[in-house]
Amino acid sequence: MLQQQIKQKRWHTAEKWIWLFLPIGLLMGVLLGRHLIFDFVQLYFPPCVFYTVTHFYCPGCGNTRTVLALLHGHPLQALHNNAAFCYLLVVLLLLYLQKVLRCFGKPVQLLPKGNWFPIVSVCICMAYCLIRNFIPWMQPLPV
């Protein structure tokens with residue numbers, strides 16, 4: 001029983017540092033492999049089938065350009081390509097910060113609790129994805 005408690009305490013200590021350094025390692029890997037990512041995207045990513053057939057932007061249209069703009073350090077261009085994706089990144093960042101702070105013993109609620117927040121978020125993102133098909137300045141930038 002005592003050994004199990006010791007293992008659990010060790011895991012809790014290790015979990016804190018894993019959650020803290022995981023994004024730093026991922027970010028370093030992405031920044032070091034940026035040129036490989038750009039080449040891969042330009043060579044192997046097909047155009048959107050939904051847009052090719054219907055000439056309407058799907059919810060995912062602009063995501064690749066958003067990620068590439070963020071990797072190039074152009075946040076406003078990324079926001080223009082797909083604001084819903086940028087919103088999702090902010091929500092994921094806040095969830096990550098909540099998790100790290102909770103692991104270090106400081107439970108902070110950065111996002112509202114309850115079922116209404118995810119539902120409202122999905123509705124806003126879907127409304128944005130529909131509206132941007134009809135307002136030209138909201139459409140993704142051409143490739």
# chains A, B, ... in the order shown; residues from 1 in each chain; ligands from 1
>>> residues_around(residues="stretch 76-88 of chain A", least_positions_apart="3", cutoff="7 Å", atoms="only C-alpha atoms", output="ChimeraX atom specification")
/A:62-63,65-67,69-70,91-92,125,138-141
>>> write_last_selection(atoms="N, CA and C atoms", output="tab-separated table (two decimals), in the first residue's frame")
chain	number	residue	atom	x	y	z
A	62	GLY	N	-9.26	26.89	-45.34
A	62	GLY	CA	-8.41	27.92	-44.77
A	62	GLY	C	-7.60	27.45	-43.58
A	63	ASN	N	-7.87	26.24	-43.06
A	63	ASN	CA	-7.12	25.76	-41.89
A	63	ASN	C	-5.64	25.58	-42.21
A	65	ARG	N	-3.89	27.08	-44.55
A	65	ARG	CA	-3.30	28.41	-44.71
A	65	ARG	C	-3.17	29.12	-43.37
A	66	THR	N	-4.10	28.85	-42.45
A	66	THR	CA	-4.02	29.44	-41.11
A	66	THR	C	-2.80	28.93	-40.38
A	67	VAL	N	-2.58	27.63	-40.41
A	67	VAL	CA	-1.42	27.04	-39.73
A	67	VAL	C	-0.13	27.55	-40.36
A	69	ALA	N	0.32	30.37	-41.94
A	69	ALA	CA	0.48	31.79	-41.58
A	69	ALA	C	0.99	31.92	-40.14
A	70	LEU	N	0.48	31.09	-39.24
A	70	LEU	CA	0.97	31.12	-37.86
A	70	LEU	C	2.44	30.70	-37.79
A	91	VAL	N	-9.12	28.53	-27.28
A	91	VAL	CA	-9.81	27.69	-26.30
A	91	VAL	C	-8.90	26.55	-25.85
A	92	LEU	N	-8.20	25.91	-26.78
A	92	LEU	CA	-7.29	24.83	-26.41
A	92	LEU	C	-6.14	25.34	-25.55
A	125	CYS	N	-19.07	29.07	-34.29
A	125	CYS	CA	-18.16	28.63	-35.35
A	125	CYS	C	-18.92	28.22	-36.62
A	138	MET	N	-14.58	38.11	-45.67
A	138	MET	CA	-14.41	37.06	-44.67
A	138	MET	C	-13.87	35.76	-45.28
A	139	GLN	N	-13.75	35.71	-46.58
A	139	GLN	CA	-13.31	34.48	-47.24
A	139	GLN	C	-11.79	34.33	-47.11
A	140	PRO	N	-11.29	33.08	-47.11
A	140	PRO	CA	-9.85	32.86	-47.00
A	140	PRO	C	-9.10	33.52	-48.16
A	141	LEU	N	-7.88	33.90	-47.88
A	141	LEU	CA	-7.03	34.50	-48.90
A	141	LEU	C	-6.68	33.45	-49.95
>>> select_by_dssp(residues="chain A", states="alpha helix (DSSP H)", output="PDB file with N, CA and C atoms, in the first residue's frame")
ATOM      1  N   LEU A   2       1.913   1.241   0.806  1.00  0.00           N
ATOM      2  CA  LEU A   2       2.809   2.388   0.877  1.00  0.00           C
ATOM      3  C   LEU A   2       3.557   2.577  -0.437  1.00  0.00           C
ATOM      4  N   GLN A   3       3.952   1.460  -1.066  1.00  0.00           N
ATOM      5  CA  GLN A   3       4.641   1.551  -2.355  1.00  0.00           C
ATOM      6  C   GLN A   3       3.732   2.148  -3.431  1.00  0.00           C
ATOM      7  N   GLN A   4       2.467   1.800  -3.383  1.00  0.00           N
ATOM      8  CA  GLN A   4       1.527   2.341  -4.354  1.00  0.00           C
ATOM      9  C   GLN A   4       1.372   3.854  -4.174  1.00  0.00           C
ATOM     10  N   GLN A   5       1.346   4.321  -2.945  1.00  0.00           N
ATOM     11  CA  GLN A   5       1.249   5.749  -2.694  1.00  0.00           C
ATOM     12  C   GLN A   5       2.505   6.481  -3.162  1.00  0.00           C
ATOM     13  N   ILE A   6       3.657   5.857  -2.973  1.00  0.00           N
ATOM     14  CA  ILE A   6       4.910   6.459  -3.432  1.00  0.00           C
ATOM     15  C   ILE A   6       4.925   6.556  -4.948  1.00  0.00           C
ATOM     16  N   LYS A   7       4.497   5.476  -5.626  1.00  0.00           N
ATOM     17  CA  LYS A   7       4.431   5.497  -7.090  1.00  0.00           C
ATOM     18  C   LYS A   7       3.476   6.572  -7.579  1.00  0.00           C
ATOM     19  N   GLN A   8       2.332   6.692  -6.894  1.00  0.00           N
ATOM     20  CA  GLN A   8       1.346   7.681  -7.294  1.00  0.00           C
ATOM     21  C   GLN A   8       1.895   9.104  -7.116  1.00  0.00           C
ATOM     22  N   LYS A   9       2.631   9.336  -6.030  1.00  0.00           N
ATOM     23  CA  LYS A   9       3.214  10.654  -5.801  1.00  0.00           C
ATOM     24  C   LYS A   9       4.287  10.950  -6.837  1.00  0.00           C
ATOM     25  N   ARG A  10       5.103   9.960  -7.192  1.00  0.00           N
ATOM     26  CA  ARG A  10       6.124  10.149  -8.224  1.00  0.00           C
ATOM     27  C   ARG A  10       5.476  10.476  -9.561  1.00  0.00           C
ATOM     28  N   TRP A  11       4.388   9.753  -9.879  1.00  0.00           N
ATOM     29  CA  TRP A  11       3.711  10.015 -11.146  1.00  0.00           C
ATOM     30  C   TRP A  11       3.133  11.427 -11.169  1.00  0.00           C
ATOM     31  N   HIS A  12       2.571  11.860 -10.048  1.00  0.00           N
ATOM     32  CA  HIS A  12       2.004  13.207  -9.991  1.00  0.00           C
ATOM     33  C   HIS A  12       3.090  14.245 -10.215  1.00  0.00           C
ATOM     34  N   THR A  13       4.274  14.038  -9.635  1.00  0.00           N
ATOM     35  CA  THR A  13       5.388  14.962  -9.835  1.00  0.00           C
ATOM     36  C   THR A  13       5.844  14.944 -11.287  1.00  0.00           C
ATOM     37  N   ALA A  14       5.964  13.769 -11.867  1.00  0.00           N
ATOM     38  CA  ALA A  14       6.387  13.665 -13.265  1.00  0.00           C
ATOM     39  C   ALA A  14       5.336  14.254 -14.192  1.00  0.00           C
ATOM     40  N   GLU A  15       4.056  14.046 -13.871  1.00  0.00           N
ATOM     41  CA  GLU A  15       2.977  14.559 -14.721  1.00  0.00           C
ATOM     42  C   GLU A  15       3.033  16.076 -14.819  1.00  0.00           C
ATOM     43  N   LYS A  16       3.363  16.746 -13.735  1.00  0.00           N
ATOM     44  CA  LYS A  16       3.464  18.209 -13.766  1.00  0.00           C
ATOM     45  C   LYS A  16       4.483  18.654 -14.797  1.00  0.00           C
ATOM     46  N   TRP A  17       5.631  18.038 -14.779  1.00  0.00           N
ATOM     47  CA  TRP A  17       6.713  18.470 -15.671  1.00  0.00           C
ATOM     48  C   TRP A  17       6.453  18.038 -17.102  1.00  0.00           C
ATOM     49  N   ILE A  18       5.800  16.905 -17.285  1.00  0.00           N
ATOM     50  CA  ILE A  18       5.440  16.478 -18.641  1.00  0.00           C
ATOM     51  C   ILE A  18       4.482  17.486 -19.261  1.00  0.00           C
ATOM     52  N   TRP A  19       3.438  17.867 -18.522  1.00  0.00           N
ATOM     53  CA  TRP A  19       2.468  18.830 -19.053  1.00  0.00           C
ATOM     54  C   TRP A  19       3.099  20.190 -19.290  1.00  0.00           C
ATOM     55  N   LEU A  20       4.114  20.538 -18.484  1.00  0.00           N
ATOM     56  CA  LEU A  20       4.755  21.838 -18.642  1.00  0.00           C
ATOM     57  C   LEU A  20       5.656  21.876 -19.872  1.00  0.00           C
ATOM     58  N   PHE A  21       6.432  20.810 -20.103  1.00  0.00           N
ATOM     59  CA  PHE A  21       7.430  20.839 -21.172  1.00  0.00           C
ATOM     60  C   PHE A  21       6.972  20.213 -22.482  1.00  0.00           C
ATOM     61  N   LEU A  22       5.853  19.540 -22.516  1.00  0.00           N
ATOM     62  CA  LEU A  22       5.363  18.928 -23.749  1.00  0.00           C
ATOM     63  C   LEU A  22       5.157  19.951 -24.871  1.00  0.00           C
ATOM     64  N   PRO A  23       4.441  21.047 -24.640  1.00  0.00           N
ATOM     65  CA  PRO A  23       4.264  22.005 -25.741  1.00  0.00           C
ATOM     66  C   PRO A  23       5.565  22.687 -26.153  1.00  0.00           C
ATOM     67  N   ILE A  24       6.477  22.866 -25.218  1.00  0.00           N
ATOM     68  CA  ILE A  24       7.757  23.472 -25.566  1.00  0.00           C
ATOM     69  C   ILE A  24       8.509  22.557 -26.526  1.00  0.00           C
ATOM     70  N   GLY A  25       8.501  21.246 -26.243  1.00  0.00           N
ATOM     71  CA  GLY A  25       9.147  20.284 -27.138  1.00  0.00           C
ATOM     72  C   GLY A  25       8.464  20.227 -28.499  1.00  0.00           C
ATOM     73  N   LEU A  26       7.137  20.240 -28.495  1.00  0.00           N
ATOM     74  CA  LEU A  26       6.405  20.234 -29.766  1.00  0.00           C
ATOM     75  C   LEU A  26       6.688  21.499 -30.581  1.00  0.00           C
ATOM     76  N   LEU A  27       6.706  22.638 -29.908  1.00  0.00           N
ATOM     77  CA  LEU A  27       6.973  23.894 -30.590  1.00  0.00           C
ATOM     78  C   LEU A  27       8.385  23.913 -31.175  1.00  0.00           C
ATOM     79  N   MET A  28       9.346  23.426 -30.436  1.00  0.00           N
ATOM     80  CA  MET A  28      10.718  23.362 -30.945  1.00  0.00           C
ATOM     81  C   MET A  28      10.796  22.443 -32.161  1.00  0.00           C
ATOM     82  N   GLY A  29      10.110  21.299 -32.102  1.00  0.00           N
ATOM     83  CA  GLY A  29      10.104  20.382 -33.238  1.00  0.00           C
ATOM     84  C   GLY A  29       9.471  21.001 -34.465  1.00  0.00           C
ATOM     85  N   VAL A  30       8.377  21.719 -34.272  1.00  0.00           N
ATOM     86  CA  VAL A  30       7.702  22.362 -35.408  1.00  0.00           C
ATOM     87  C   VAL A  30       8.570  23.468 -35.994  1.00  0.00           C
ATOM     88  N   LEU A  31       9.190  24.269 -35.121  1.00  0.00           N
ATOM     89  CA  LEU A  31      10.026  25.356 -35.622  1.00  0.00           C
ATOM     90  C   LEU A  31      11.266  24.829 -36.339  1.00  0.00           C
ATOM     91  N   LEU A  32      11.835  23.736 -35.842  1.00  0.00           N
ATOM     92  CA  LEU A  32      13.005  23.162 -36.504  1.00  0.00           C
ATOM     93  C   LEU A  32      12.629  22.494 -37.834  1.00  0.00           C
ATOM     94  N   ARG A  34      10.068  23.381 -39.791  1.00  0.00           N
ATOM     95  CA  ARG A  34       9.165  24.269 -40.540  1.00  0.00           C
ATOM     96  C   ARG A  34       9.274  24.116 -42.043  1.00  0.00           C
ATOM     97  N   HIS A  35      10.468  24.094 -42.544  1.00  0.00           N
ATOM     98  CA  HIS A  35      10.650  24.021 -43.996  1.00  0.00           C
ATOM     99  C   HIS A  35      10.173  22.682 -44.546  1.00  0.00           C
ATOM    100  N   LEU A  36      10.350  21.620 -43.773  1.00  0.00           N
ATOM    101  CA  LEU A  36       9.829  20.319 -44.203  1.00  0.00           C
ATOM    102  C   LEU A  36       8.309  20.339 -44.253  1.00  0.00           C
ATOM    103  N   ILE A  37       7.703  21.008 -43.265  1.00  0.00           N
ATOM    104  CA  ILE A  37       6.240  21.105 -43.225  1.00  0.00           C
ATOM    105  C   ILE A  37       5.741  21.894 -44.432  1.00  0.00           C
ATOM    106  N   PHE A  38       6.392  23.032 -44.741  1.00  0.00           N
ATOM    107  CA  PHE A  38       5.972  23.845 -45.885  1.00  0.00           C
ATOM    108  C   PHE A  38       6.066  23.058 -47.182  1.00  0.00           C
ATOM    109  N   ASP A  39       7.184  22.357 -47.380  1.00  0.00           N
ATOM    110  CA  ASP A  39       7.358  21.577 -48.609  1.00  0.00           C
ATOM    111  C   ASP A  39       6.318  20.469 -48.705  1.00  0.00           C
ATOM    112  N   PHE A  40       6.065  19.788 -47.593  1.00  0.00           N
ATOM    113  CA  PHE A  40       5.091  18.695 -47.589  1.00  0.00           C
ATOM    114  C   PHE A  40       3.702  19.207 -47.940  1.00  0.00           C
ATOM    115  N   VAL A  41       3.320  20.328 -47.354  1.00  0.00           N
ATOM    116  CA  VAL A  41       1.988  20.892 -47.609  1.00  0.00           C
ATOM    117  C   VAL A  41       1.848  21.302 -49.069  1.00  0.00           C
ATOM    118  N   GLN A  42       2.862  21.947 -49.613  1.00  0.00           N
ATOM    119  CA  GLN A  42       2.772  22.413 -50.996  1.00  0.00           C
ATOM    120  C   GLN A  42       2.740  21.256 -51.983  1.00  0.00           C
ATOM    121  N   LEU A  43       3.414  20.165 -51.668  1.00  0.00           N
ATOM    122  CA  LEU A  43       3.487  19.047 -52.611  1.00  0.00           C
ATOM    123  C   LEU A  43       2.312  18.076 -52.500  1.00  0.00           C
ATOM    124  N   TYR A  44       1.831  17.826 -51.288  1.00  0.00           N
ATOM    125  CA  TYR A  44       0.935  16.696 -51.088  1.00  0.00           C
ATOM    126  C   TYR A  44      -0.484  17.037 -50.648  1.00  0.00           C
ATOM    127  N   VAL A  49     -12.219  19.284 -51.703  1.00  0.00           N
ATOM    128  CA  VAL A  49     -13.172  18.660 -52.623  1.00  0.00           C
ATOM    129  C   VAL A  49     -14.531  19.367 -52.531  1.00  0.00           C
ATOM    130  N   PHE A  50     -14.944  19.720 -51.319  1.00  0.00           N
ATOM    131  CA  PHE A  50     -16.228  20.397 -51.126  1.00  0.00           C
ATOM    132  C   PHE A  50     -16.245  21.726 -51.889  1.00  0.00           C
ATOM    133  N   TYR A  51     -15.150  22.497 -51.780  1.00  0.00           N
ATOM    134  CA  TYR A  51     -15.088  23.782 -52.481  1.00  0.00           C
ATOM    135  C   TYR A  51     -15.019  23.570 -53.989  1.00  0.00           C
ATOM    136  N   THR A  52     -14.300  22.560 -54.426  1.00  0.00           N
ATOM    137  CA  THR A  52     -14.175  22.289 -55.858  1.00  0.00           C
ATOM    138  C   THR A  52     -15.529  21.957 -56.477  1.00  0.00           C
ATOM    139  N   VAL A  53     -16.356  21.223 -55.750  1.00  0.00           N
ATOM    140  CA  VAL A  53     -17.658  20.797 -56.278  1.00  0.00           C
ATOM    141  C   VAL A  53     -18.711  21.897 -56.122  1.00  0.00           C
ATOM    142  N   THR A  54     -18.782  22.537 -54.953  1.00  0.00           N
ATOM    143  CA  THR A  54     -19.887  23.455 -54.673  1.00  0.00           C
ATOM    144  C   THR A  54     -19.519  24.936 -54.779  1.00  0.00           C
ATOM    145  N   ASN A  63      -7.867  26.238 -43.061  1.00  0.00           N
ATOM    146  CA  ASN A  63      -7.117  25.758 -41.895  1.00  0.00           C
ATOM    147  C   ASN A  63      -5.639  25.577 -42.212  1.00  0.00           C
ATOM    148  N   THR A  64      -5.329  25.001 -43.354  1.00  0.00           N
ATOM    149  CA  THR A  64      -3.924  24.787 -43.709  1.00  0.00           C
ATOM    150  C   THR A  64      -3.224  26.125 -43.879  1.00  0.00           C
ATOM    151  N   ARG A  65      -3.885  27.077 -44.545  1.00  0.00           N
ATOM    152  CA  ARG A  65      -3.304  28.406 -44.712  1.00  0.00           C
ATOM    153  C   ARG A  65      -3.173  29.119 -43.374  1.00  0.00           C
ATOM    154  N   THR A  66      -4.103  28.853 -42.445  1.00  0.00           N
ATOM    155  CA  THR A  66      -4.020  29.442 -41.112  1.00  0.00           C
ATOM    156  C   THR A  66      -2.796  28.934 -40.375  1.00  0.00           C
ATOM    157  N   VAL A  67      -2.576  27.629 -40.407  1.00  0.00           N
ATOM    158  CA  VAL A  67      -1.418  27.040 -39.728  1.00  0.00           C
ATOM    159  C   VAL A  67      -0.125  27.552 -40.357  1.00  0.00           C
ATOM    160  N   LEU A  68      -0.071  27.605 -41.678  1.00  0.00           N
ATOM    161  CA  LEU A  68       1.127  28.101 -42.343  1.00  0.00           C
ATOM    162  C   LEU A  68       1.379  29.574 -42.007  1.00  0.00           C
ATOM    163  N   ALA A  69       0.320  30.374 -41.941  1.00  0.00           N
ATOM    164  CA  ALA A  69       0.475  31.786 -41.575  1.00  0.00           C
ATOM    165  C   ALA A  69       0.989  31.922 -40.143  1.00  0.00           C
ATOM    166  N   LEU A  70       0.484  31.089 -39.240  1.00  0.00           N
ATOM    167  CA  LEU A  70       0.973  31.122 -37.857  1.00  0.00           C
ATOM    168  C   LEU A  70       2.438  30.705 -37.789  1.00  0.00           C
ATOM    169  N   LEU A  71       2.824  29.707 -38.565  1.00  0.00           N
ATOM    170  CA  LEU A  71       4.221  29.276 -38.582  1.00  0.00           C
ATOM    171  C   LEU A  71       5.137  30.355 -39.162  1.00  0.00           C
ATOM    172  N   HIS A  72       4.612  31.165 -40.065  1.00  0.00           N
ATOM    173  CA  HIS A  72       5.381  32.268 -40.630  1.00  0.00           C
ATOM    174  C   HIS A  72       5.370  33.492 -39.716  1.00  0.00           C
ATOM    175  N   PRO A  75      -0.145  36.392 -37.494  1.00  0.00           N
ATOM    176  CA  PRO A  75      -1.411  36.048 -36.828  1.00  0.00           C
ATOM    177  C   PRO A  75      -2.641  36.696 -37.464  1.00  0.00           C
ATOM    178  N   LEU A  76      -2.518  37.911 -37.992  1.00  0.00           N
ATOM    179  CA  LEU A  76      -3.687  38.554 -38.616  1.00  0.00           C
ATOM    180  C   LEU A  76      -4.089  37.845 -39.904  1.00  0.00           C
ATOM    181  N   GLN A  77      -3.107  37.403 -40.666  1.00  0.00           N
ATOM    182  CA  GLN A  77      -3.415  36.633 -41.876  1.00  0.00           C
ATOM    183  C   GLN A  77      -4.057  35.299 -41.495  1.00  0.00           C
ATOM    184  N   ALA A  78      -3.587  34.690 -40.423  1.00  0.00           N
ATOM    185  CA  ALA A  78      -4.181  33.438 -39.954  1.00  0.00           C
ATOM    186  C   ALA A  78      -5.633  33.660 -39.535  1.00  0.00           C
ATOM    187  N   LEU A  79      -5.887  34.758 -38.847  1.00  0.00           N
ATOM    188  CA  LEU A  79      -7.250  35.083 -38.419  1.00  0.00           C
ATOM    189  C   LEU A  79      -8.153  35.320 -39.618  1.00  0.00           C
ATOM    190  N   HIS A  80      -7.617  35.932 -40.656  1.00  0.00           N
ATOM    191  CA  HIS A  80      -8.401  36.185 -41.865  1.00  0.00           C
ATOM    192  C   HIS A  80      -8.726  34.874 -42.607  1.00  0.00           C
ATOM    193  N   ASN A  81      -7.794  33.937 -42.625  1.00  0.00           N
ATOM    194  CA  ASN A  81      -8.016  32.680 -43.345  1.00  0.00           C
ATOM    195  C   ASN A  81      -9.089  31.812 -42.703  1.00  0.00           C
ATOM    196  N   ALA A  83     -11.089  32.249 -38.923  1.00  0.00           N
ATOM    197  CA  ALA A  83     -11.211  32.755 -37.556  1.00  0.00           C
ATOM    198  C   ALA A  83     -11.701  31.667 -36.604  1.00  0.00           C
ATOM    199  N   ALA A  84     -12.504  30.726 -37.094  1.00  0.00           N
ATOM    200  CA  ALA A  84     -13.004  29.653 -36.237  1.00  0.00           C
ATOM    201  C   ALA A  84     -11.849  28.787 -35.746  1.00  0.00           C
ATOM    202  N   PHE A  85     -10.883  28.509 -36.597  1.00  0.00           N
ATOM    203  CA  PHE A  85      -9.723  27.719 -36.209  1.00  0.00           C
ATOM    204  C   PHE A  85      -8.897  28.465 -35.168  1.00  0.00           C
ATOM    205  N   CYS A  86      -8.731  29.776 -35.347  1.00  0.00           N
ATOM    206  CA  CYS A  86      -7.990  30.582 -34.376  1.00  0.00           C
ATOM    207  C   CYS A  86      -8.711  30.598 -33.027  1.00  0.00           C
ATOM    208  N   TYR A  87     -10.031  30.674 -33.051  1.00  0.00           N
ATOM    209  CA  TYR A  87     -10.824  30.616 -31.819  1.00  0.00           C
ATOM    210  C   TYR A  87     -10.594  29.280 -31.116  1.00  0.00           C
ATOM    211  N   LEU A  88     -10.588  28.204 -31.885  1.00  0.00           N
ATOM    212  CA  LEU A  88     -10.345  26.881 -31.315  1.00  0.00           C
ATOM    213  C   LEU A  88      -8.957  26.804 -30.682  1.00  0.00           C
ATOM    214  N   LEU A  89      -7.959  27.404 -31.304  1.00  0.00           N
ATOM    215  CA  LEU A  89      -6.611  27.415 -30.735  1.00  0.00           C
ATOM    216  C   LEU A  89      -6.573  28.155 -29.401  1.00  0.00           C
ATOM    217  N   VAL A  90      -7.295  29.268 -29.307  1.00  0.00           N
ATOM    218  CA  VAL A  90      -7.343  30.029 -28.053  1.00  0.00           C
ATOM    219  C   VAL A  90      -8.013  29.200 -26.956  1.00  0.00           C
ATOM    220  N   VAL A  91      -9.116  28.534 -27.283  1.00  0.00           N
ATOM    221  CA  VAL A  91      -9.811  27.695 -26.305  1.00  0.00           C
ATOM    222  C   VAL A  91      -8.905  26.553 -25.849  1.00  0.00           C
ATOM    223  N   LEU A  92      -8.201  25.911 -26.782  1.00  0.00           N
ATOM    224  CA  LEU A  92      -7.286  24.825 -26.414  1.00  0.00           C
ATOM    225  C   LEU A  92      -6.140  25.338 -25.549  1.00  0.00           C
ATOM    226  N   LEU A  93      -5.637  26.537 -25.826  1.00  0.00           N
ATOM    227  CA  LEU A  93      -4.582  27.121 -25.003  1.00  0.00           C
ATOM    228  C   LEU A  93      -5.081  27.370 -23.580  1.00  0.00           C
ATOM    229  N   LEU A  94      -6.298  27.886 -23.453  1.00  0.00           N
ATOM    230  CA  LEU A  94      -6.862  28.127 -22.121  1.00  0.00           C
ATOM    231  C   LEU A  94      -7.087  26.814 -21.370  1.00  0.00           C
ATOM    232  N   LEU A  95      -7.549  25.775 -22.069  1.00  0.00           N
ATOM    233  CA  LEU A  95      -7.712  24.467 -21.426  1.00  0.00           C
ATOM    234  C   LEU A  95      -6.373  23.908 -20.964  1.00  0.00           C
ATOM    235  N   TYR A  96      -5.340  24.086 -21.787  1.00  0.00           N
ATOM    236  CA  TYR A  96      -3.999  23.628 -21.424  1.00  0.00           C
ATOM    237  C   TYR A  96      -3.493  24.372 -20.183  1.00  0.00           C
ATOM    238  N   LEU A  97      -3.684  25.699 -20.151  1.00  0.00           N
ATOM    239  CA  LEU A  97      -3.249  26.469 -18.992  1.00  0.00           C
ATOM    240  C   LEU A  97      -3.982  26.036 -17.727  1.00  0.00           C
ATOM    241  N   GLN A  98      -5.274  25.754 -17.833  1.00  0.00           N
ATOM    242  CA  GLN A  98      -6.031  25.233 -16.692  1.00  0.00           C
ATOM    243  C   GLN A  98      -5.417  23.946 -16.181  1.00  0.00           C
ATOM    244  N   LYS A  99      -5.076  23.034 -17.090  1.00  0.00           N
ATOM    245  CA  LYS A  99      -4.501  21.738 -16.720  1.00  0.00           C
ATOM    246  C   LYS A  99      -3.151  21.904 -16.032  1.00  0.00           C
ATOM    247  N   VAL A 100      -2.280  22.744 -16.595  1.00  0.00           N
ATOM    248  CA  VAL A 100      -0.952  22.945 -16.004  1.00  0.00           C
ATOM    249  C   VAL A 100      -1.073  23.584 -14.628  1.00  0.00           C
ATOM    250  N   LEU A 101      -1.915  24.603 -14.505  1.00  0.00           N
ATOM    251  CA  LEU A 101      -2.078  25.253 -13.205  1.00  0.00           C
ATOM    252  C   LEU A 101      -2.669  24.295 -12.175  1.00  0.00           C
ATOM    253  N   ARG A 102      -3.591  23.440 -12.598  1.00  0.00           N
ATOM    254  CA  ARG A 102      -4.162  22.449 -11.690  1.00  0.00           C
ATOM    255  C   ARG A 102      -3.102  21.436 -11.251  1.00  0.00           C
ATOM    256  N   CYS A 103      -2.217  21.032 -12.164  1.00  0.00           N
ATOM    257  CA  CYS A 103      -1.141  20.093 -11.819  1.00  0.00           C
ATOM    258  C   CYS A 103      -0.185  20.686 -10.792  1.00  0.00           C
ATOM    259  N   TRP A 116     -23.316  24.801 -21.673  1.00  0.00           N
ATOM    260  CA  TRP A 116     -23.669  25.871 -22.601  1.00  0.00           C
ATOM    261  C   TRP A 116     -22.466  26.396 -23.373  1.00  0.00           C
ATOM    262  N   PHE A 117     -21.270  26.412 -22.780  1.00  0.00           N
ATOM    263  CA  PHE A 117     -20.100  26.984 -23.458  1.00  0.00           C
ATOM    264  C   PHE A 117     -19.720  26.214 -24.724  1.00  0.00           C
ATOM    265  N   PRO A 118     -19.585  24.876 -24.674  1.00  0.00           N
ATOM    266  CA  PRO A 118     -19.267  24.167 -25.922  1.00  0.00           C
ATOM    267  C   PRO A 118     -20.366  24.306 -26.970  1.00  0.00           C
ATOM    268  N   ILE A 119     -21.617  24.310 -26.542  1.00  0.00           N
ATOM    269  CA  ILE A 119     -22.730  24.415 -27.487  1.00  0.00           C
ATOM    270  C   ILE A 119     -22.714  25.780 -28.171  1.00  0.00           C
ATOM    271  N   VAL A 120     -22.531  26.841 -27.391  1.00  0.00           N
ATOM    272  CA  VAL A 120     -22.483  28.195 -27.957  1.00  0.00           C
ATOM    273  C   VAL A 120     -21.261  28.342 -28.862  1.00  0.00           C
ATOM    274  N   SER A 121     -20.137  27.768 -28.464  1.00  0.00           N
ATOM    275  CA  SER A 121     -18.920  27.848 -29.287  1.00  0.00           C
ATOM    276  C   SER A 121     -19.117  27.178 -30.640  1.00  0.00           C
ATOM    277  N   VAL A 122     -19.707  25.998 -30.637  1.00  0.00           N
ATOM    278  CA  VAL A 122     -19.955  25.292 -31.900  1.00  0.00           C
ATOM    279  C   VAL A 122     -20.932  26.082 -32.769  1.00  0.00           C
ATOM    280  N   CYS A 123     -21.965  26.648 -32.163  1.00  0.00           N
ATOM    281  CA  CYS A 123     -22.941  27.443 -32.933  1.00  0.00           C
ATOM    282  C   CYS A 123     -22.283  28.687 -33.546  1.00  0.00           C
ATOM    283  N   ILE A 124     -21.435  29.359 -32.788  1.00  0.00           N
ATOM    284  CA  ILE A 124     -20.750  30.545 -33.311  1.00  0.00           C
ATOM    285  C   ILE A 124     -19.831  30.155 -34.466  1.00  0.00           C
ATOM    286  N   CYS A 125     -19.074  29.067 -34.289  1.00  0.00           N
ATOM    287  CA  CYS A 125     -18.156  28.630 -35.355  1.00  0.00           C
ATOM    288  C   CYS A 125     -18.923  28.219 -36.616  1.00  0.00           C
ATOM    289  N   MET A 126     -20.016  27.518 -36.454  1.00  0.00           N
ATOM    290  CA  MET A 126     -20.798  27.098 -37.620  1.00  0.00           C
ATOM    291  C   MET A 126     -21.445  28.313 -38.300  1.00  0.00           C
ATOM    292  N   ALA A 127     -21.928  29.272 -37.515  1.00  0.00           N
ATOM    293  CA  ALA A 127     -22.494  30.488 -38.108  1.00  0.00           C
ATOM    294  C   ALA A 127     -21.421  31.249 -38.880  1.00  0.00           C
ATOM    295  N   TYR A 128     -20.223  31.335 -38.320  1.00  0.00           N
ATOM    296  CA  TYR A 128     -19.121  31.992 -39.027  1.00  0.00           C
ATOM    297  C   TYR A 128     -18.825  31.281 -40.345  1.00  0.00           C
ATOM    298  N   CYS A 129     -18.797  29.944 -40.303  1.00  0.00           N
ATOM    299  CA  CYS A 129     -18.476  29.177 -41.512  1.00  0.00           C
ATOM    300  C   CYS A 129     -19.544  29.346 -42.593  1.00  0.00           C
ATOM    301  N   LEU A 130     -20.790  29.564 -42.203  1.00  0.00           N
ATOM    302  CA  LEU A 130     -21.840  29.823 -43.191  1.00  0.00           C
ATOM    303  C   LEU A 130     -21.778  31.254 -43.709  1.00  0.00           C
ATOM    304  N   ILE A 131     -21.622  32.206 -42.809  1.00  0.00           N
ATOM    305  CA  ILE A 131     -21.647  33.619 -43.184  1.00  0.00           C
ATOM    306  C   ILE A 131     -20.476  33.983 -44.087  1.00  0.00           C
TER     307      ILE A 131
END
>>> atom_distance(atom1="atom CA of A:Cys58", atom2="atom CA of A:Leu111")
27.2 Å
>>> atom_distance(atom1="atom CA of A:Cys48", atom2="atom CA of A:Gly73")
24.2 Å
